[in-house]
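Undergrad: Would you mind keeping the following structure in view while I ask a few things?
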2 protein chains.
Amino acid sequence: MRIGELSARTNTPRRLLRYYEEQRLIVASRSPNGYREYDEPTVDRVLQIRGLLDAGLPTRIIKQILPCLGKPRALYFPDATPEMIATLEHELDRMTTRITCLTHNRDAIAEYLDAVRDGNPPDVLVEAPA
Amino acid sequence: MRIGELSARTNTPRRLLRYYEEQRLIVASRSPNGYREYDEPTVDRVLQIRGLLDAGLPTRIIKQILPCLGKPRALYFPDATPEMIATLEHELDRMTTRITCLTHNRDAIAEYLDAVRDGNPPDVLVEAPA
DNA sequence: TCGAACCATCACATGGATGTGAAGGTCAAT
DNA sequence: ATTGACCTTCACATCCATGTGATGGTTCGA
């Protein structure tokens, strides 16, 4: 498919698809006329990239992580240098921390919203900032 | 305490503490000489801010979320306008999505690392990109 | 009284993910 | 043959969280 369709199906601006390619997160072949041509799996890949990006990972890291993910696990299997392993381990920790933090705060917000929704707003209303 | 101590205790550059104040995420009183003066709870607050920031929330959102969090729940209780509730609900969804995505990918990475560590690297090594 | 270690404000720089638009090629339908 | 909807590259702009440094005030101990 061409960039327009990929853009539509992933809900991602064309600009960004080109950017991801520039960052070597995705690849595209070219039609004789120079148009980018994407294959089907790219759709999922872009979705995953967006997810990770939105989750706060920079493209630099995503680039390292992606190859270790998809179904056909070993499809692209870069030499797992110790240095890269270390990066992954580090990022693993960061992700766990993030998850904890996010979960924590999400639960707090949920609880808060529940309280408000039940017409059961917090007991005291001490101060309302300007 | 003054900014130096807060910076040390939260492991946060002074520059950022001033920035958070500018974004109205924290407040500081001033000593007669103009120095910022922080109270104890600010330490936790900064930590929480950093966590949320690292989790990918922008200060704009954090500002809205923070008041709904801390222990003395109703301490700052802005009028919960329907519009703000909507924002919170929306952000709640986003956080959940994020958590799912992060968890998903983290598990995949963990699994991958386990495999590599066990001297049990993926079966096939198809292609190593330049 | 001098220097070191704080603090202040201001302002400009950077990096990463994006937005936006110009200038132009391709192609299908009219 | 022209129009309109695609596509290309290039380049500059924006937002946000940060870095960095200039310039100067305050406080304290040697």
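Chains: A, B, ... in order of the structure tokens. Residues: from 1 per chain. Ligands: from 1, in order shown.
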Please return the superposed copy of chain A as a short mmCIF file (atom, residue, chain, number, x, y, z; two decimals) with N, CA and C atoms, in the first residue's frame; the fit should be least squares onto chain B across all sequentially paired Cα atoms.

TA:
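Below is the file that was written, superposed_15.cif:
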```cif
data_model
loop_
_atom_site.label_atom_id
_atom_site.label_comp_id
_atom_site.auth_asym_id
_atom_site.auth_seq_id
_atom_site.Cartn_x
_atom_site.Cartn_y
_atom_site.Cartn_z
N MET A 1 12.88 24.31 53.34
CA MET A 1 14.21 24.12 52.75
C MET A 1 14.36 24.99 51.51
N ARG A 2 15.57 25.23 51.09
CA ARG A 2 15.78 26.04 49.90
C ARG A 2 15.95 25.16 48.67
N ILE A 3 16.11 25.79 47.56
CA ILE A 3 16.06 25.06 46.30
C ILE A 3 17.17 24.01 46.16
N GLY A 4 18.32 24.33 46.75
CA GLY A 4 19.44 23.40 46.65
C GLY A 4 19.12 22.06 47.28
N GLU A 5 18.57 22.13 48.47
CA GLU A 5 18.25 20.90 49.18
C GLU A 5 17.14 20.13 48.46
N LEU A 6 16.13 20.86 48.04
CA LEU A 6 15.03 20.21 47.32
C LEU A 6 15.57 19.52 46.08
N SER A 7 16.44 20.22 45.40
CA SER A 7 17.06 19.67 44.20
C SER A 7 17.80 18.37 44.52
N ALA A 8 18.56 18.42 45.58
CA ALA A 8 19.33 17.24 45.96
C ALA A 8 18.41 16.09 46.35
N ARG A 9 17.42 16.40 47.13
CA ARG A 9 16.55 15.34 47.65
C ARG A 9 15.63 14.75 46.61
N THR A 10 15.37 15.49 45.56
CA THR A 10 14.49 14.96 44.52
C THR A 10 15.27 14.59 43.27
N ASN A 11 16.57 14.87 43.36
CA ASN A 11 17.40 14.56 42.21
C ASN A 11 16.88 15.25 40.95
N THR A 12 16.61 16.51 41.10
CA THR A 12 16.02 17.30 40.03
C THR A 12 16.77 18.62 39.90
N PRO A 13 17.20 18.95 38.70
CA PRO A 13 17.91 20.21 38.49
C PRO A 13 17.12 21.40 39.01
N ARG A 14 17.81 22.36 39.57
CA ARG A 14 17.13 23.56 40.06
C ARG A 14 16.32 24.19 38.96
N ARG A 15 16.92 24.23 37.82
CA ARG A 15 16.24 24.80 36.66
C ARG A 15 14.83 24.28 36.53
N LEU A 16 14.68 22.99 36.72
CA LEU A 16 13.37 22.37 36.54
C LEU A 16 12.43 22.70 37.69
N LEU A 17 12.98 22.82 38.87
CA LEU A 17 12.12 23.19 40.00
C LEU A 17 11.51 24.56 39.74
N ARG A 18 12.32 25.44 39.19
CA ARG A 18 11.78 26.77 38.87
C ARG A 18 10.76 26.67 37.75
N TYR A 19 11.07 25.80 36.83
CA TYR A 19 10.15 25.60 35.71
C TYR A 19 8.82 25.04 36.21
N TYR A 20 8.84 24.08 37.08
CA TYR A 20 7.61 23.51 37.61
C TYR A 20 6.81 24.59 38.35
N GLU A 21 7.53 25.45 39.00
CA GLU A 21 6.85 26.53 39.70
C GLU A 21 6.18 27.46 38.69
N GLU A 22 6.90 27.76 37.67
CA GLU A 22 6.37 28.63 36.62
C GLU A 22 5.11 28.01 36.02
N GLN A 23 5.13 26.69 35.88
CA GLN A 23 3.98 25.97 35.34
C GLN A 23 2.91 25.75 36.40
N ARG A 24 3.17 26.26 37.58
CA ARG A 24 2.22 26.19 38.69
C ARG A 24 1.96 24.77 39.16
N LEU A 25 3.00 23.96 39.10
CA LEU A 25 2.87 22.61 39.61
C LEU A 25 3.26 22.57 41.08
N ILE A 26 4.12 23.45 41.46
CA ILE A 26 4.50 23.56 42.87
C ILE A 26 4.49 25.03 43.26
N VAL A 27 4.50 25.28 44.55
CA VAL A 27 4.56 26.66 45.03
C VAL A 27 5.73 26.80 45.99
N ALA A 28 6.20 28.00 46.13
CA ALA A 28 7.27 28.26 47.06
C ALA A 28 7.01 29.60 47.71
N SER A 29 7.27 29.65 49.00
CA SER A 29 7.22 30.96 49.64
C SER A 29 8.60 31.57 49.50
N ARG A 30 8.72 32.81 49.90
CA ARG A 30 10.01 33.47 49.75
C ARG A 30 10.53 33.96 51.09
N SER A 31 11.79 33.73 51.31
CA SER A 31 12.44 34.31 52.48
C SER A 31 12.58 35.80 52.24
N PRO A 32 12.85 36.54 53.30
CA PRO A 32 13.01 37.99 53.18
C PRO A 32 14.02 38.35 52.09
N ASN A 33 14.99 37.52 51.90
CA ASN A 33 16.04 37.83 50.92
C ASN A 33 15.65 37.42 49.50
N GLY A 34 14.49 36.85 49.34
CA GLY A 34 14.05 36.50 48.00
C GLY A 34 14.26 35.05 47.64
N TYR A 35 14.92 34.32 48.50
CA TYR A 35 15.15 32.90 48.24
C TYR A 35 13.84 32.13 48.31
N ARG A 36 13.72 31.13 47.46
CA ARG A 36 12.55 30.26 47.54
C ARG A 36 12.63 29.39 48.78
N GLU A 37 11.50 29.17 49.40
CA GLU A 37 11.46 28.34 50.59
C GLU A 37 10.39 27.27 50.40
N TYR A 38 10.79 25.99 50.50
CA TYR A 38 9.85 24.90 50.26
C TYR A 38 9.54 24.18 51.55
N ASP A 39 8.34 23.62 51.62
CA ASP A 39 8.03 22.81 52.80
C ASP A 39 8.21 21.34 52.48
N GLU A 40 8.16 20.54 53.50
CA GLU A 40 8.47 19.13 53.39
C GLU A 40 7.65 18.38 52.33
N PRO A 41 6.34 18.56 52.30
CA PRO A 41 5.53 17.79 51.35
C PRO A 41 5.92 18.04 49.91
N THR A 42 6.57 19.14 49.67
CA THR A 42 6.95 19.45 48.30
C THR A 42 7.88 18.39 47.72
N VAL A 43 8.64 17.78 48.60
CA VAL A 43 9.54 16.73 48.14
C VAL A 43 8.76 15.63 47.43
N ASP A 44 7.75 15.12 48.11
CA ASP A 44 6.94 14.07 47.50
C ASP A 44 6.24 14.55 46.24
N ARG A 45 5.81 15.77 46.33
CA ARG A 45 5.08 16.32 45.18
C ARG A 45 5.97 16.37 43.95
N VAL A 46 7.19 16.81 44.13
CA VAL A 46 8.12 16.86 43.02
C VAL A 46 8.39 15.46 42.48
N LEU A 47 8.54 14.53 43.40
CA LEU A 47 8.77 13.16 42.98
C LEU A 47 7.61 12.66 42.13
N GLN A 48 6.43 12.99 42.58
CA GLN A 48 5.25 12.55 41.84
C GLN A 48 5.20 13.21 40.46
N ILE A 49 5.51 14.47 40.44
CA ILE A 49 5.54 15.19 39.17
C ILE A 49 6.51 14.54 38.21
N ARG A 50 7.68 14.25 38.71
CA ARG A 50 8.68 13.61 37.86
C ARG A 50 8.21 12.27 37.33
N GLY A 51 7.55 11.56 38.19
CA GLY A 51 7.03 10.27 37.78
C GLY A 51 6.03 10.43 36.65
N LEU A 52 5.12 11.34 36.83
CA LEU A 52 4.09 11.56 35.82
C LEU A 52 4.70 12.08 34.53
N LEU A 53 5.63 12.96 34.68
CA LEU A 53 6.30 13.51 33.50
C LEU A 53 6.99 12.39 32.75
N ASP A 54 7.70 11.59 33.49
CA ASP A 54 8.42 10.49 32.87
C ASP A 54 7.45 9.48 32.29
N ALA A 55 6.26 9.46 32.84
CA ALA A 55 5.27 8.53 32.33
C ALA A 55 4.60 9.10 31.09
N GLY A 56 4.99 10.29 30.74
CA GLY A 56 4.52 10.83 29.48
C GLY A 56 3.40 11.86 29.56
N LEU A 57 3.01 12.25 30.75
CA LEU A 57 1.98 13.27 30.85
C LEU A 57 2.61 14.66 30.75
N PRO A 58 1.98 15.55 30.04
CA PRO A 58 2.47 16.92 29.96
C PRO A 58 2.09 17.70 31.21
N THR A 59 2.84 18.74 31.50
CA THR A 59 2.59 19.52 32.71
C THR A 59 1.17 20.06 32.74
N ARG A 60 0.67 20.38 31.60
CA ARG A 60 -0.68 20.93 31.49
C ARG A 60 -1.70 20.00 32.15
N ILE A 61 -1.52 18.71 31.88
CA ILE A 61 -2.43 17.72 32.44
C ILE A 61 -2.10 17.45 33.90
N ILE A 62 -0.84 17.35 34.17
CA ILE A 62 -0.41 17.09 35.54
C ILE A 62 -1.00 18.12 36.49
N LYS A 63 -1.04 19.34 36.01
CA LYS A 63 -1.55 20.43 36.82
C LYS A 63 -3.00 20.14 37.22
N GLN A 64 -3.73 19.54 36.31
CA GLN A 64 -5.13 19.25 36.60
C GLN A 64 -5.27 18.03 37.48
N ILE A 65 -4.36 17.12 37.29
CA ILE A 65 -4.46 15.85 37.99
C ILE A 65 -4.01 15.94 39.45
N LEU A 66 -2.93 16.64 39.63
CA LEU A 66 -2.31 16.69 40.96
C LEU A 66 -3.28 16.97 42.10
N PRO A 67 -4.11 17.98 41.96
CA PRO A 67 -4.96 18.32 43.09
C PRO A 67 -5.86 17.18 43.52
N CYS A 68 -6.11 16.24 42.62
CA CYS A 68 -7.04 15.16 42.93
C CYS A 68 -6.33 13.99 43.58
N LEU A 69 -5.04 14.11 43.76
CA LEU A 69 -4.29 12.95 44.17
C LEU A 69 -3.95 12.88 45.66
N GLY A 70 -3.03 13.70 46.10
CA GLY A 70 -2.43 13.58 47.43
C GLY A 70 -3.35 13.07 48.55
N LYS A 71 -2.74 12.73 49.66
CA LYS A 71 -3.42 12.17 50.80
C LYS A 71 -4.62 13.00 51.23
N PRO A 72 -4.37 14.22 51.68
CA PRO A 72 -5.49 14.98 52.18
C PRO A 72 -6.32 15.38 50.99
N ARG A 73 -7.04 14.41 50.50
CA ARG A 73 -7.71 14.48 49.21
C ARG A 73 -8.28 15.86 48.87
N ALA A 74 -8.99 16.42 49.81
CA ALA A 74 -9.74 17.62 49.45
C ALA A 74 -8.96 18.90 49.66
N LEU A 75 -7.70 18.74 49.88
CA LEU A 75 -6.93 19.92 50.25
C LEU A 75 -7.09 21.06 49.26
N TYR A 76 -6.73 20.79 48.04
CA TYR A 76 -7.09 21.75 47.01
C TYR A 76 -8.16 21.07 46.17
N PHE A 77 -9.32 21.54 46.25
CA PHE A 77 -10.35 20.92 45.45
C PHE A 77 -11.00 21.92 44.53
N PRO A 78 -10.45 22.01 43.33
CA PRO A 78 -10.98 22.96 42.37
C PRO A 78 -12.42 22.58 42.07
N ASP A 79 -13.22 23.54 41.71
CA ASP A 79 -14.57 23.22 41.30
C ASP A 79 -14.48 22.20 40.20
N ALA A 80 -15.06 21.06 40.43
CA ALA A 80 -14.97 20.01 39.42
C ALA A 80 -15.95 20.31 38.30
N THR A 81 -15.54 21.15 37.40
CA THR A 81 -16.38 21.46 36.26
C THR A 81 -16.56 20.22 35.41
N PRO A 82 -17.69 20.09 34.77
CA PRO A 82 -17.92 18.93 33.90
C PRO A 82 -16.82 18.82 32.87
N GLU A 83 -16.36 19.95 32.44
CA GLU A 83 -15.33 19.96 31.40
C GLU A 83 -14.04 19.35 31.94
N MET A 84 -13.76 19.64 33.19
CA MET A 84 -12.55 19.10 33.79
C MET A 84 -12.71 17.60 34.04
N ILE A 85 -13.90 17.23 34.47
CA ILE A 85 -14.18 15.81 34.66
C ILE A 85 -13.92 15.06 33.35
N ALA A 86 -14.39 15.67 32.28
CA ALA A 86 -14.22 15.04 30.97
C ALA A 86 -12.74 14.86 30.66
N THR A 87 -11.98 15.89 30.92
CA THR A 87 -10.53 15.81 30.70
C THR A 87 -9.95 14.66 31.49
N LEU A 88 -10.32 14.58 32.72
CA LEU A 88 -9.79 13.52 33.58
C LEU A 88 -10.17 12.15 33.04
N GLU A 89 -11.41 12.03 32.64
CA GLU A 89 -11.85 10.73 32.12
C GLU A 89 -11.04 10.35 30.89
N HIS A 90 -10.86 11.34 30.06
CA HIS A 90 -10.10 11.10 28.85
C HIS A 90 -8.68 10.67 29.18
N GLU A 91 -8.10 11.39 30.11
CA GLU A 91 -6.72 11.08 30.48
C GLU A 91 -6.63 9.71 31.14
N LEU A 92 -7.67 9.38 31.85
CA LEU A 92 -7.73 8.07 32.48
C LEU A 92 -7.62 6.98 31.41
N ASP A 93 -8.37 7.17 30.36
CA ASP A 93 -8.33 6.21 29.26
C ASP A 93 -6.94 6.13 28.66
N ARG A 94 -6.40 7.27 28.41
CA ARG A 94 -5.07 7.30 27.82
C ARG A 94 -4.07 6.57 28.70
N MET A 95 -4.17 6.79 29.98
CA MET A 95 -3.23 6.16 30.89
C MET A 95 -3.40 4.64 30.84
N THR A 96 -4.64 4.22 30.81
CA THR A 96 -4.89 2.79 30.75
C THR A 96 -4.30 2.19 29.48
N THR A 97 -4.52 2.90 28.39
CA THR A 97 -3.95 2.44 27.13
C THR A 97 -2.44 2.33 27.23
N ARG A 98 -1.87 3.36 27.77
CA ARG A 98 -0.42 3.41 27.92
C ARG A 98 0.07 2.25 28.76
N ILE A 99 -0.63 2.02 29.86
CA ILE A 99 -0.22 0.95 30.76
C ILE A 99 -0.25 -0.39 30.03
N THR A 100 -1.31 -0.59 29.29
CA THR A 100 -1.42 -1.83 28.55
C THR A 100 -0.27 -2.00 27.58
N CYS A 101 -0.04 -0.94 26.84
CA CYS A 101 1.03 -0.98 25.84
C CYS A 101 2.37 -1.22 26.49
N LEU A 102 2.64 -0.47 27.52
CA LEU A 102 3.92 -0.59 28.21
C LEU A 102 4.10 -2.00 28.77
N THR A 103 3.07 -2.48 29.41
CA THR A 103 3.15 -3.81 30.02
C THR A 103 3.43 -4.86 28.95
N HIS A 104 2.65 -4.74 27.91
CA HIS A 104 2.80 -5.64 26.79
C HIS A 104 4.25 -5.71 26.32
N ASN A 105 4.77 -4.55 26.03
CA ASN A 105 6.11 -4.50 25.47
C ASN A 105 7.18 -4.84 26.50
N ARG A 106 6.92 -4.44 27.72
CA ARG A 106 7.89 -4.79 28.74
C ARG A 106 8.00 -6.30 28.87
N ASP A 107 6.87 -6.95 28.89
CA ASP A 107 6.88 -8.39 29.01
C ASP A 107 7.64 -9.04 27.84
N ALA A 108 7.41 -8.48 26.68
CA ALA A 108 8.09 -9.02 25.51
C ALA A 108 9.60 -8.87 25.66
N ILE A 109 10.01 -7.72 26.14
CA ILE A 109 11.44 -7.49 26.32
C ILE A 109 12.00 -8.43 27.39
N ALA A 110 11.25 -8.57 28.46
CA ALA A 110 11.69 -9.43 29.54
C ALA A 110 11.89 -10.86 29.02
N GLU A 111 10.92 -11.27 28.26
CA GLU A 111 10.97 -12.62 27.71
C GLU A 111 12.20 -12.78 26.82
N TYR A 112 12.39 -11.77 26.03
CA TYR A 112 13.54 -11.79 25.14
C TYR A 112 14.84 -11.87 25.92
N LEU A 113 14.95 -11.03 26.92
CA LEU A 113 16.16 -11.01 27.72
C LEU A 113 16.37 -12.35 28.42
N ASP A 114 15.30 -12.91 28.90
CA ASP A 114 15.41 -14.21 29.54
C ASP A 114 16.01 -15.22 28.57
N ALA A 115 15.47 -15.22 27.39
CA ALA A 115 15.93 -16.16 26.38
C ALA A 115 17.42 -15.98 26.13
N VAL A 116 17.82 -14.75 25.94
CA VAL A 116 19.22 -14.47 25.66
C VAL A 116 20.10 -14.87 26.83
N ARG A 117 19.61 -14.56 28.02
CA ARG A 117 20.42 -14.83 29.21
C ARG A 117 20.63 -16.32 29.41
N ASP A 118 19.63 -17.09 29.12
CA ASP A 118 19.74 -18.53 29.29
C ASP A 118 20.63 -19.17 28.24
N GLY A 119 21.39 -18.34 27.59
CA GLY A 119 22.23 -18.88 26.52
C GLY A 119 21.35 -19.61 25.53
N ASN A 120 20.12 -19.18 25.48
CA ASN A 120 19.13 -19.84 24.64
C ASN A 120 18.61 -18.86 23.61
N PRO A 121 19.55 -18.33 22.82
CA PRO A 121 19.17 -17.28 21.89
C PRO A 121 18.20 -17.83 20.86
N PRO A 122 17.35 -16.96 20.36
CA PRO A 122 16.32 -17.35 19.39
C PRO A 122 16.84 -18.34 18.37
N ASP A 123 15.99 -19.24 17.97
CA ASP A 123 16.33 -20.35 17.12
C ASP A 123 17.12 -19.96 15.88
N VAL A 124 16.52 -19.08 15.16
CA VAL A 124 17.09 -18.76 13.87
C VAL A 124 17.64 -17.33 13.87
N LEU A 125 18.68 -17.18 13.14
CA LEU A 125 19.23 -15.84 13.04
C LEU A 125 19.20 -15.46 11.58
N VAL A 126 18.11 -14.87 11.19
CA VAL A 126 17.88 -14.72 9.78
C VAL A 126 18.66 -13.58 9.14
N GLU A 127 18.58 -12.46 9.80
CA GLU A 127 19.13 -11.30 9.11
C GLU A 127 19.65 -10.29 10.13
N ALA A 128 20.83 -9.84 9.92
CA ALA A 128 21.35 -8.80 10.80
C ALA A 128 21.53 -7.53 9.99
N PRO A 129 20.73 -6.54 10.29
CA PRO A 129 20.78 -5.30 9.52
C PRO A 129 22.12 -4.60 9.71
N ALA A 130 22.50 -3.90 8.68
CA ALA A 130 23.74 -3.13 8.75
C ALA A 130 23.56 -2.02 9.77
#
```

Undergrad: Counting only C-alpha atoms (C1' of nucleotides), which residues of chain C come no farther than 12 Å from chain A, as an mmCIF file with N, CA and C atoms (P, O5', C5', C4', C3', O3' and C1' of nucleotides), in the first residue's frame?

TA:
```cif
data_model
loop_
_atom_site.group_PDB
_atom_site.id
_atom_site.type_symbol
_atom_site.label_atom_id
_atom_site.label_comp_id
_atom_site.auth_asym_id
_atom_site.auth_seq_id
_atom_site.Cartn_x
_atom_site.Cartn_y
_atom_site.Cartn_z
ATOM 1 P P DG C 15 21.338 18.973 20.089
ATOM 2 O "O5'" DG C 15 20.443 17.754 20.582
ATOM 3 C "C5'" DG C 15 19.993 17.688 21.923
ATOM 4 C "C4'" DG C 15 18.690 16.938 21.959
ATOM 5 C "C3'" DG C 15 18.368 16.192 20.662
ATOM 6 O "O3'" DG C 15 17.759 14.965 21.010
ATOM 7 C "C1'" DG C 15 16.660 17.750 21.106
ATOM 8 P P DG C 16 17.580 13.867 19.860
ATOM 9 O "O5'" DG C 16 16.065 13.412 20.044
ATOM 10 C "C5'" DG C 16 15.456 13.484 21.319
ATOM 11 C "C4'" DG C 16 13.961 13.600 21.135
ATOM 12 C "C3'" DG C 16 13.450 12.892 19.881
ATOM 13 O "O3'" DG C 16 12.359 12.075 20.249
ATOM 14 C "C1'" DG C 16 12.721 15.135 19.915
ATOM 15 P P DA C 17 11.755 11.109 19.122
ATOM 16 O "O5'" DA C 17 10.388 11.867 18.811
ATOM 17 C "C5'" DA C 17 9.455 12.011 19.870
ATOM 18 C "C4'" DA C 17 8.306 12.911 19.468
ATOM 19 C "C3'" DA C 17 7.501 12.459 18.254
ATOM 20 O "O3'" DA C 17 6.123 12.635 18.556
ATOM 21 C "C1'" DA C 17 8.202 14.683 17.973
ATOM 22 P P DT C 18 5.020 12.062 17.723
ATOM 23 O "O5'" DT C 18 4.354 13.451 17.407
ATOM 24 C "C5'" DT C 18 4.399 13.927 16.105
ATOM 25 C "C4'" DT C 18 4.209 15.424 16.128
ATOM 26 C "C3'" DT C 18 3.494 15.824 14.864
ATOM 27 O "O3'" DT C 18 2.148 16.125 15.143
ATOM 28 C "C1'" DT C 18 5.411 17.217 15.311
ATOM 29 P P DG C 19 1.248 16.424 13.938
ATOM 30 O "O5'" DG C 19 1.629 17.938 13.529
ATOM 31 C "C5'" DG C 19 1.407 18.967 14.460
ATOM 32 C "C4'" DG C 19 1.492 20.327 13.780
ATOM 33 C "C3'" DG C 19 0.703 20.442 12.484
ATOM 34 O "O3'" DG C 19 0.126 21.750 12.433
ATOM 35 C "C1'" DG C 19 2.992 20.891 12.045
ATOM 36 P P DT C 20 -0.862 22.159 11.315
ATOM 37 O "O5'" DT C 20 0.106 22.775 10.199
ATOM 38 C "C5'" DT C 20 1.040 23.766 10.568
ATOM 39 C "C4'" DT C 20 1.705 24.310 9.322
ATOM 40 C "C3'" DT C 20 0.866 24.182 8.048
ATOM 41 O "O3'" DT C 20 0.950 25.401 7.361
ATOM 42 C "C1'" DT C 20 2.994 23.230 7.698
ATOM 43 P P DG C 25 8.489 18.877 -12.108
ATOM 44 O "O5'" DG C 25 8.123 17.356 -11.822
ATOM 45 C "C5'" DG C 25 9.150 16.462 -11.414
ATOM 46 C "C4'" DG C 25 8.512 15.153 -10.990
ATOM 47 C "C3'" DG C 25 7.779 14.420 -12.108
ATOM 48 O "O3'" DG C 25 8.013 13.023 -11.987
ATOM 49 C "C1'" DG C 25 6.283 14.852 -10.341
ATOM 50 P P DT C 26 7.429 12.065 -13.128
ATOM 51 O "O5'" DT C 26 6.042 11.606 -12.507
ATOM 52 C "C5'" DT C 26 6.070 10.766 -11.361
ATOM 53 C "C4'" DT C 26 4.718 10.097 -11.163
ATOM 54 C "C3'" DT C 26 4.099 9.451 -12.392
ATOM 55 O "O3'" DT C 26 3.546 8.225 -11.958
ATOM 56 C "C1'" DT C 26 2.584 10.990 -11.459
ATOM 57 P P DC C 27 3.196 7.068 -12.979
ATOM 58 O "O5'" DC C 27 1.596 7.069 -12.891
ATOM 59 C "C5'" DC C 27 0.977 7.166 -11.617
ATOM 60 C "C4'" DC C 27 -0.498 7.479 -11.764
ATOM 61 C "C3'" DC C 27 -1.135 6.991 -13.069
ATOM 62 O "O3'" DC C 27 -2.381 6.429 -12.739
ATOM 63 C "C1'" DC C 27 -1.633 9.240 -12.752
#
```

Undergrad: Please measure the separation of C1' of DT9 in chain C and C1' of DG19 in chain D, giving the value in Å to one decimal.

TA: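 According to the coordinates, C1' of DT9 in chain C and C1' of DG19 in chain D are separated by 16.5 Å.
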
Undergrad: Check which residues of chain D sit at most 12 Å from chain A using only C-alpha atoms (C1' of nucleotides), and return one row each with the closest pair of atoms and their distance in Å to one decimal, ordered by chain and rising number, as a Markdown table.

TA:
```
| residue | atom | partner | partner_atom | distance |
| --- | --- | --- | --- | --- |
| D:DA5 | C1' | A:Gly4 | CA | 10.7 |
| D:DC6 | C1' | A:Gly4 | CA | 8.1 |
| D:DC7 | C1' | A:Tyr35 | CA | 6.0 |
| D:DT8 | C1' | A:Gly34 | CA | 7.2 |
| D:DT9 | C1' | A:Arg18 | CA | 11.0 |
```

Undergrad: Figure out the distance between C1' of DA1 in chain D and C1' of DA28 in chain C, please, to one decimal in Å.

TA: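 Interatomic distance, C1' of DA28 in chain C to C1' of DA1 in chain D: 13.4 Å.
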
Undergrad: Hey, what's within 12 Å of DC12 in chain C if we count only C-alpha atoms (C1' of nucleotides) and toss same-chain stuff fewer than 6 positions away? As a PyMOL selection string, please?

TA: chain D and resi 19-22

Undergrad: Just give me the gap between C1' of DT30 in chain C and C1' of DG4 in chain D in Å, one decimal is fine.

TA: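 C1' of DG4 in chain D lies 10.8 Å from C1' of DT30 in chain C.
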
Undergrad: From the DSSP assignment of the backbone, select every residue of chain A that is strand (DSSP E or B), and format the answer as an MDAnalysis selection string.

TA: chainID A and resid 29:30 36:37 76 127

Undergrad: Enumerate the residues of range 21-112 of chain B with a DSSP assignment of helix (DSSP H, G or I), computed from the backbone, and present them as an NGL selection string.

TA: :B and (21-22 or 41-54 or 59-68 or 82-112)
